[in-house]
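Inspection log for the structure reproduced underneath, given as structure tokens.
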Amino acid sequence: MTVWDDLVGQERVSEQLTAAARDADALVTAAAADAPPPEASRMTHAWLFTGPPGAGRDQAARAFAAALQCVSPDRALGGAPGCGFCDGCHTALIGTHADVTTVAAVGSEILVKDMRDTVRKSFTAPANGRWQIILVEDAERLNEKSANAVLKAVEEPAPRTVWLLCAPSLEDVLPTIRSRCRHLNLSTPSVDAVADMLVRREGVEPDVAAAVARATQGHVDRARRLATDPAARERRAAVLKLPLRVEDIGGALKAAQELVDAAAEDAKQLAEEMDTKETEELKAALGAVQGGRMPRGTAGVVKDLEDMQKRRRTRTQRDSLDLALTDLTSFYRDVLALQLGSRIAIANTDSEDALERLARGSSPESTLRRIEAIAACRKALDRNVAPLLAVEAMTMALRAG
């Protein structure tokens with residue numbers, strides 16, 4: 001298994017990154033021998049990975065980081081970088097490599113205080129790896145100050161530092177940053193490619209793999225979660241019943257409340273274990289005495305951690321809601337396809353009765369208005385509108401049609 005195996009349907013990108021990792025070896029060798037670098041190299045100090053949700057931007061960036069840190073003995077014999085088994089590959093992939101720093105948005109933005117130490121680290125030499133690698137998973141969430149901090153580091157990087165930025169599109173990143181990066185665009189993998197991956201890598205039954213791959217329309221992470229997590233399938237099934245529950249005002253408001261409550265519970269479950277672990281680790285690092293009392297002067301550090309955890313819970317709840325809205329959009333898109341006389345590529349075949357019922361009972365124009373109402377709800381959530389207000393407005397619009 002190589003580091004590229006999780007990049008579903010991205011053969012072109014894998015080839016480009018493998019070639020760059022080979023050229024990176026030549027740069028390291030030349031530097032060690034105090035020789036001039038090769039004249040032509042496909043390696044550069046900053047990369048920008050773009051693509052639609054589920055295409056595997058973060059996975060591609062992390063696989064490239066692992067290939068750059070690969071220390072397999074086969075490399076000396078001409079083996080391809082990124083074996084997937086050596087210590088360099090393994091630690092980079094699971095996020096414990098000392099010279100691979102990952103930055104992800106905790107709340108709605110990546111704040112400058114979250115980037116300050118990372119930018120400082122980018123100017124240091126690798127501790128024990130081949131490269132100092134900074135992976136920014138949510139580059140589109142950099143605010144003005146944190147983006148300017150990244151820009152300064154990308155403009156004048158240290159010789160052995162590589163920046164890997166991930167964002168949905170080029171337009172989501174400052175022009176001054178993207179102009180200094182080599183751009184790689186990932187495409188949405190085909191349904192067949194995702195289903196094949198689930199069968200080979202996860203041991204999922206072929207019919208289940210095909211169904212979840214079709215339901216998620218090539219979104220690799222969501223397909224994997226639906227295929228392996230019964231609770232995720234139950235939540236999705238509940239969301240797809242919502243269009244039939246908004247026929248009266250009371251039903252619409254109740255459905256909105258349940259959708260928001262489910263997202264909050266999902267966020268709580270995801271956060272509890274992580275929050276407890278982080279708090280205990282911080283207390284141990286600060287030398288908390290037996291009984292849990294913290295040393296004097298550490299209250300501010302604990303408060304900062306609590307604020308970060310609160311921001312992360314808020315973002316997790318909004319991400320959970322956004323996932324539900326994506327499923328709703330897919331549902332109404334299937335309704336519209338049926339209304340227009342097309343059965344090609346229906347995503348939600350497990351809800352065909354409900355699709356047929358709504359398709360017969362409404363017009364294509366009303367279905368389009370419902371899809372627009374879901375999009376408006378997503379925009380409202382992005383603007384930090386209270387989740388319940390945004391979702392109630394949406395369910396009332398779904399009722400009106």
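Lettering and numbering for the structure tokens are positional, with chains as A, B, ... in the shown order, residues counted from 1 in each chain, and ligands counted from 1 in the shown order.
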
Tell me, as a PyMOL selection string, which residues lie within 6 Å of range 104-117 of chain A, counting only C-alpha atoms; anything in the same chain fewer than 5 positions away does not count. chain A and resi 137-138+141-142+145-146+311-312+315

Write out, as a short mmCIF file (atom, residue, chain, number, x, y, z; two decimals), in the first residue's frame, the residues just selected, with N, CA, C and O atoms.
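Just written: again-v4.cif:
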```
data_model
loop_
_atom_site.label_atom_id
_atom_site.label_comp_id
_atom_site.auth_asym_id
_atom_site.auth_seq_id
_atom_site.Cartn_x
_atom_site.Cartn_y
_atom_site.Cartn_z
N GLU A 137 -5.20 22.98 6.09
CA GLU A 137 -6.33 22.25 5.53
C GLU A 137 -7.46 23.16 5.07
O GLU A 137 -8.21 22.80 4.16
N ASP A 138 -7.63 24.30 5.70
CA ASP A 138 -8.76 25.17 5.39
C ASP A 138 -8.25 26.56 5.00
O ASP A 138 -8.56 27.55 5.65
N ARG A 141 -10.36 29.66 4.96
CA ARG A 141 -10.83 30.24 6.22
C ARG A 141 -9.78 31.16 6.87
O ARG A 141 -9.98 31.63 7.98
N LEU A 142 -8.67 31.38 6.19
CA LEU A 142 -7.70 32.37 6.69
C LEU A 142 -8.34 33.75 6.66
O LEU A 142 -8.89 34.17 5.63
N LYS A 145 -5.65 38.93 8.64
CA LYS A 145 -4.37 38.96 9.37
C LYS A 145 -3.62 37.65 9.24
O LYS A 145 -2.40 37.65 9.01
N SER A 146 -4.31 36.54 9.38
CA SER A 146 -3.61 35.25 9.29
C SER A 146 -3.14 34.99 7.86
O SER A 146 -2.07 34.40 7.64
N ARG A 311 -15.41 27.18 20.14
CA ARG A 311 -15.46 27.53 18.72
C ARG A 311 -15.53 26.27 17.86
O ARG A 311 -16.24 26.23 16.84
N ARG A 312 -14.79 25.24 18.26
CA ARG A 312 -14.78 23.99 17.49
C ARG A 312 -16.14 23.30 17.55
O ARG A 312 -16.62 22.77 16.55
N ARG A 315 -18.47 25.13 15.19
CA ARG A 315 -18.20 24.80 13.80
C ARG A 315 -18.65 23.37 13.48
O ARG A 315 -19.21 23.12 12.41
#
```

Residues of range 158-221 of chain A within 12 Å of range 231-236 of chain A: nearest atom pair and distance (Å, one decimal) for each, counting only C-alpha atoms, sorted by chain and number, as a Markdown table?
```
| residue | atom | partner | partner_atom | distance |
| --- | --- | --- | --- | --- |
| A:Val208 | CA | A:Arg233 | CA | 11.5 |
| A:Ala211 | CA | A:Arg233 | CA | 11.5 |
| A:Val212 | CA | A:Arg233 | CA | 9.3 |
| A:Ala215 | CA | A:Arg236 | CA | 10.1 |
| A:Thr216 | CA | A:Arg236 | CA | 10.7 |
| A:Asp221 | CA | A:Ala232 | CA | 12.0 |
```

Could those selected residues go to a file with N, CA, C and O atoms, as a PDB file, in the first residue's frame?
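Everything below was put into selection-v3.pdb:
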```pdb
ATOM      1  N   VAL A 208     -23.832  -2.532  -1.275  1.00  0.00           N
ATOM      2  CA  VAL A 208     -23.839  -1.417  -0.316  1.00  0.00           C
ATOM      3  C   VAL A 208     -22.889  -0.323  -0.786  1.00  0.00           C
ATOM      4  O   VAL A 208     -23.210   0.875  -0.723  1.00  0.00           O
ATOM      5  N   ALA A 211     -24.438   1.667  -3.544  1.00  0.00           N
ATOM      6  CA  ALA A 211     -25.543   2.521  -3.084  1.00  0.00           C
ATOM      7  C   ALA A 211     -25.031   3.778  -2.395  1.00  0.00           C
ATOM      8  O   ALA A 211     -25.504   4.889  -2.671  1.00  0.00           O
ATOM      9  N   VAL A 212     -24.046   3.644  -1.485  1.00  0.00           N
ATOM     10  CA  VAL A 212     -23.560   4.819  -0.759  1.00  0.00           C
ATOM     11  C   VAL A 212     -22.729   5.713  -1.674  1.00  0.00           C
ATOM     12  O   VAL A 212     -22.741   6.944  -1.526  1.00  0.00           O
ATOM     13  N   ALA A 215     -25.266   7.631  -3.539  1.00  0.00           N
ATOM     14  CA  ALA A 215     -25.953   8.591  -2.664  1.00  0.00           C
ATOM     15  C   ALA A 215     -25.103   9.813  -2.377  1.00  0.00           C
ATOM     16  O   ALA A 215     -25.626  10.926  -2.247  1.00  0.00           O
ATOM     17  N   THR A 216     -23.796   9.638  -2.273  1.00  0.00           N
ATOM     18  CA  THR A 216     -22.911  10.761  -1.947  1.00  0.00           C
ATOM     19  C   THR A 216     -22.301  11.406  -3.177  1.00  0.00           C
ATOM     20  O   THR A 216     -21.548  12.378  -3.054  1.00  0.00           O
ATOM     21  N   ASP A 221     -15.116  10.724   1.588  1.00  0.00           N
ATOM     22  CA  ASP A 221     -15.224  10.616   3.046  1.00  0.00           C
ATOM     23  C   ASP A 221     -16.650  10.293   3.480  1.00  0.00           C
ATOM     24  O   ASP A 221     -16.869   9.462   4.371  1.00  0.00           O
TER      25      ASP A 221
END
```

Identify all residues of range 85-292 of chain A in helix (DSSP H, G or I) (DSSP on the backbone) and supply them as a PyMOL selection string. chain A and resi 87-94+112-122+139-141+144-155+170-172+175-178+191-202+206-216+220-228+230-240+242-244+249-286

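Take CA of Val136 in chain A and CA of Thr101 in chain A: the distance between them is 8.4 Å.
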
Determine, counting only C-alpha atoms, which protein, DNA and RNA residues have an atom within 7 Å of an atom of Arg160 in chain A; residues of the same chain fewer than 6 positions away are not included. Present the result as an mmCIF file with N, CA, C and O atoms, in the first residue's frame.
```cif
data_model
loop_
_atom_site.group_PDB
_atom_site.id
_atom_site.type_symbol
_atom_site.label_atom_id
_atom_site.label_comp_id
_atom_site.auth_asym_id
_atom_site.auth_seq_id
_atom_site.Cartn_x
_atom_site.Cartn_y
_atom_site.Cartn_z
ATOM 1 N N ALA A 125 14.842 24.837 10.469
ATOM 2 C CA ALA A 125 15.242 23.656 9.719
ATOM 3 C C ALA A 125 14.483 22.436 10.244
ATOM 4 O O ALA A 125 14.031 22.418 11.395
ATOM 5 N N TRP A 131 12.125 17.458 5.157
ATOM 6 C CA TRP A 131 11.560 18.773 4.888
ATOM 7 C C TRP A 131 10.757 19.248 6.096
ATOM 8 O O TRP A 131 10.228 18.438 6.861
ATOM 9 N N GLN A 132 10.655 20.559 6.251
ATOM 10 C CA GLN A 132 9.722 21.163 7.203
ATOM 11 C C GLN A 132 8.448 21.455 6.416
ATOM 12 O O GLN A 132 8.451 22.275 5.489
#
```

I want to know what sits within 12 Å of Glu15 in chain A, based on only C-alpha atoms, with residues of the same chain fewer than 3 positions away left out; could you give that as an MDAnalysis selection string? chainID A and resid 4 7 9:12 18:22 42 60 64 80:82 184

Tell me, in Å to one decimal, how far CA of Thr316 in chain A is from CA of Thr395 in chain A.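 According to the coordinates, CA of Thr316 in chain A and CA of Thr395 in chain A are separated by 21.4 Å.
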
Test item: residues at most 12 Å from Arg360 in chain A, only C-alpha atoms, excluding those fewer than 4 positions along its chain, as a ChimeraX atom specification: /A:335-341,353-356,364,366-367

Neighbour list for Asn384 in chain A as number ranges by chain, cut-off 12 Å, only C-alpha atoms, skip fewer than 2 positions in-chain: A: 107-109, 314-315, 317-318, 377-382, 386-390

To one decimal place, how far is CA of Met394 in chain A from CA of Arg224 in chain A in Å?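 Result for CA of Met394 in chain A versus CA of Arg224 in chain A: 28.6 Å, one decimal.
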
Could you pull out the residues in range 62-152 of chain A that DSSP calls strand (DSSP E or B) from the backbone, as a list in words? Val100, Thr101, Thr102, Val103, Ile110, Gln132, Ile133, Ile134, Leu135, Val136 and Leu142 of chain A

Let's have the selection written as a PDB file, in the first residue's frame, with N, CA, C and O atoms.
```pdb
ATOM      1  N   VAL A 100       5.942  17.766  10.242  1.00  0.00           N
ATOM      2  CA  VAL A 100       4.722  18.000   9.466  1.00  0.00           C
ATOM      3  C   VAL A 100       3.706  18.642  10.401  1.00  0.00           C
ATOM      4  O   VAL A 100       3.176  17.993  11.303  1.00  0.00           O
ATOM      5  N   THR A 101       3.456  19.925  10.210  1.00  0.00           N
ATOM      6  CA  THR A 101       2.531  20.680  11.056  1.00  0.00           C
ATOM      7  C   THR A 101       1.234  20.897  10.303  1.00  0.00           C
ATOM      8  O   THR A 101       1.236  21.399   9.181  1.00  0.00           O
ATOM      9  N   THR A 102       0.114  20.511  10.922  1.00  0.00           N
ATOM     10  CA  THR A 102      -1.200  20.663  10.300  1.00  0.00           C
ATOM     11  C   THR A 102      -1.977  21.790  10.965  1.00  0.00           C
ATOM     12  O   THR A 102      -2.042  21.857  12.197  1.00  0.00           O
ATOM     13  N   VAL A 103      -2.541  22.664  10.155  1.00  0.00           N
ATOM     14  CA  VAL A 103      -3.373  23.767  10.646  1.00  0.00           C
ATOM     15  C   VAL A 103      -4.768  23.597  10.058  1.00  0.00           C
ATOM     16  O   VAL A 103      -4.925  23.491   8.842  1.00  0.00           O
ATOM     17  N   ILE A 110      -9.501  30.886  10.574  1.00  0.00           N
ATOM     18  CA  ILE A 110      -8.177  30.611  11.140  1.00  0.00           C
ATOM     19  C   ILE A 110      -7.622  31.953  11.596  1.00  0.00           C
ATOM     20  O   ILE A 110      -7.350  32.835  10.779  1.00  0.00           O
ATOM     21  N   GLN A 132      10.655  20.559   6.251  1.00  0.00           N
ATOM     22  CA  GLN A 132       9.722  21.163   7.203  1.00  0.00           C
ATOM     23  C   GLN A 132       8.448  21.455   6.416  1.00  0.00           C
ATOM     24  O   GLN A 132       8.451  22.275   5.489  1.00  0.00           O
ATOM     25  N   ILE A 133       7.345  20.793   6.758  1.00  0.00           N
ATOM     26  CA  ILE A 133       6.123  20.864   5.962  1.00  0.00           C
ATOM     27  C   ILE A 133       5.006  21.484   6.789  1.00  0.00           C
ATOM     28  O   ILE A 133       4.749  21.059   7.917  1.00  0.00           O
ATOM     29  N   ILE A 134       4.346  22.488   6.218  1.00  0.00           N
ATOM     30  CA  ILE A 134       3.197  23.142   6.842  1.00  0.00           C
ATOM     31  C   ILE A 134       1.979  22.856   5.978  1.00  0.00           C
ATOM     32  O   ILE A 134       1.914  23.279   4.822  1.00  0.00           O
ATOM     33  N   LEU A 135       0.993  22.141   6.532  1.00  0.00           N
ATOM     34  CA  LEU A 135      -0.215  21.764   5.796  1.00  0.00           C
ATOM     35  C   LEU A 135      -1.400  22.555   6.358  1.00  0.00           C
ATOM     36  O   LEU A 135      -1.775  22.383   7.515  1.00  0.00           O
ATOM     37  N   VAL A 136      -1.969  23.432   5.552  1.00  0.00           N
ATOM     38  CA  VAL A 136      -3.124  24.249   5.961  1.00  0.00           C
ATOM     39  C   VAL A 136      -4.363  23.656   5.292  1.00  0.00           C
ATOM     40  O   VAL A 136      -4.563  23.803   4.085  1.00  0.00           O
ATOM     41  N   LEU A 142      -8.668  31.383   6.195  1.00  0.00           N
ATOM     42  CA  LEU A 142      -7.703  32.368   6.690  1.00  0.00           C
ATOM     43  C   LEU A 142      -8.344  33.748   6.660  1.00  0.00           C
ATOM     44  O   LEU A 142      -8.889  34.166   5.631  1.00  0.00           O
TER      45      LEU A 142
END
```

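The residue that comes closest to Arg245 in chain A, out of A:Asp23, A:Glu258, A:Glu202, A:Asp266 and on the basis of only C-alpha atoms, is A:Glu258.
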